Amino acid sequence: MVEAIALERIDDGIEETLRGEIRTLVDAKYLVDALAHERAGQRLTRAFHGGSMGPRHGSEIFRAILPFASIERDGEEFSALVPTAQTIGASCKWRTDSVKEHNVEDLLAFLQSPERAMPRARERAEYFWIKPLGLFLAHEGKNRVGFLRDMNVDWIPARVFPCDYVAPERLTLYEVGRRERTSWWAVLDGTWLEPLAHPSWGVPVLRAYGVRETSDWPAAFPSIELITAALRGRRPDPAFSILPALNLPLVLEKDAYQSEVISCSLLDIDEMPVPRNIGIGLVVCTFSALVLIGALPSTWETLRIVAGMGAGAGMGAMLTCMVRFWKLPRRLVKPFAVYTKFGLREHEQRLRSRRA
């Protein structure tokens with residue numbers, strides 16, 4: 001049996017304003033889970049609840065509402081008492097109303113035992129602590145959070161894994177658009193951009209965290225229109241199944257590359273390929289006309305003129321398709337060339353951004 005020890009309450013070390021927003025966030029997730037137990041409620045909460053797949057876990061909510069959110073360990077794990085009001089749980093298997101009344105006291109005693117915070121204990125709790133935010137994400141032991149909250153239990157014994165989050169001075173929030181079309185974009189180190197998918201959840205937390213916000217879009221950044229197009233063109237990272245952040249300098253570089261005017265022929269344009277049958281037809285008609293000119297008697301001047309006109313038209317059409325005298329932006333000629341040129345580099349930069 002694991003020897004019980006006296007656990008200390010975690011001092012989150014954050015300011016009261018941020019603590020209030022974190023607790024409001026946790027309250028909102030608790031209400032989402034409660035609503036989603038009913039079929040009608042799932043229609044209101046689908047963004048934060050998996051419907052038939054059950055409530056979303058804390059780490060999923062963390063990534064869904066906050067930019068540049070990842071579970072990055074920052075220190076050794078330890079056992080402690082975690083504040084219930086700042087912990088996101090997920091009642092996937094059972095809820096408070098599924099516990100029989102005569103079992104409540106025994107279950108409370110079991111879940112509040114310090115043994116639940118021991119590394120090898122049965123039914124232990126393991127929670128990620130996003131230290132700079134004072135936010136706790138239940139990993140193992142996520143079902144008990146709602147129950148203990150309903151039982152007015154303020155502290156949960158858990159094995160705690162400290163994790164980091166980007167410092168507020170590295171982030172800037174930009175409000176773009178007007179009225180109902182307003183979007184919020186977060187920029188990290190003036191280089192990486194992620195849109196906030198749910199700003200009504202994320203912005204208050206980031207604001208209380210001390211992140212600077214503005215509606216003045218820097219002239220040195222890509223235009224809002226260019227960013228919007230780049231965001232629409234994102235594809236999930238195959239290694240992590242999440243949409244990657246935009247590298248702003250790379251967006252500018254890619255746009256300049258695609259806008260560069262290059263010489264091309266009609267055959268070079270990927271989006272306007274010359275059908276094979278037309279090309280073969282031009283060659284056959286042109287050489288047939290040339291053969292006909294040589295085969296016709298000199299007295300048949302009219303037919304020789306018509307054949308010559310046909311041969312000339314065919315040669316002109318072939319030259320038009322083959323000779324590179326057209327001047328067009330690269331994005332119209334080779335729209336996929338940008339992926340070949342920047343694909344590997346973009347992937348490497350994403351990996352570096354995660355390590356940073």
# chains A, B, ... in the order shown; residues from 1 in each chain; ligands from 1
$ select_by_dssp --residues "range 63-228 of chain A" --states "alpha helix (DSSP H)" --output "number ranges by chain"
A: 63-65, 104-111, 143-150, 199-209, 224-228
$ residues_around --residues "Ile5 in chain A" --least-positions-apart "3" --cutoff "12 Å" --atoms "only C-alpha atoms" --output "list of chain:residue names"
A:Val2, A:Glu8, A:Ser79, A:Ala80, A:Leu81, A:Ser113, A:Pro114, A:Glu115, A:Arg116, A:Ala117, A:Met118, A:Pro157
$ residues_around --residues "range 19-30 of chain A" --least-positions-apart "6" --cutoff "9 Å" --atoms "only C-alpha atoms" --output "ChimeraX atom specification"
/A:12,48,61,85-90,133-135,146,201-202,204-205,208
$ residues_around --residues "range 175-189 of chain A" --least-positions-apart "3" --cutoff "8 Å" --atoms "only C-alpha atoms" --output "PyMOL selection string"
chain A and resi 67+170-172+192-196+199+213-217+224
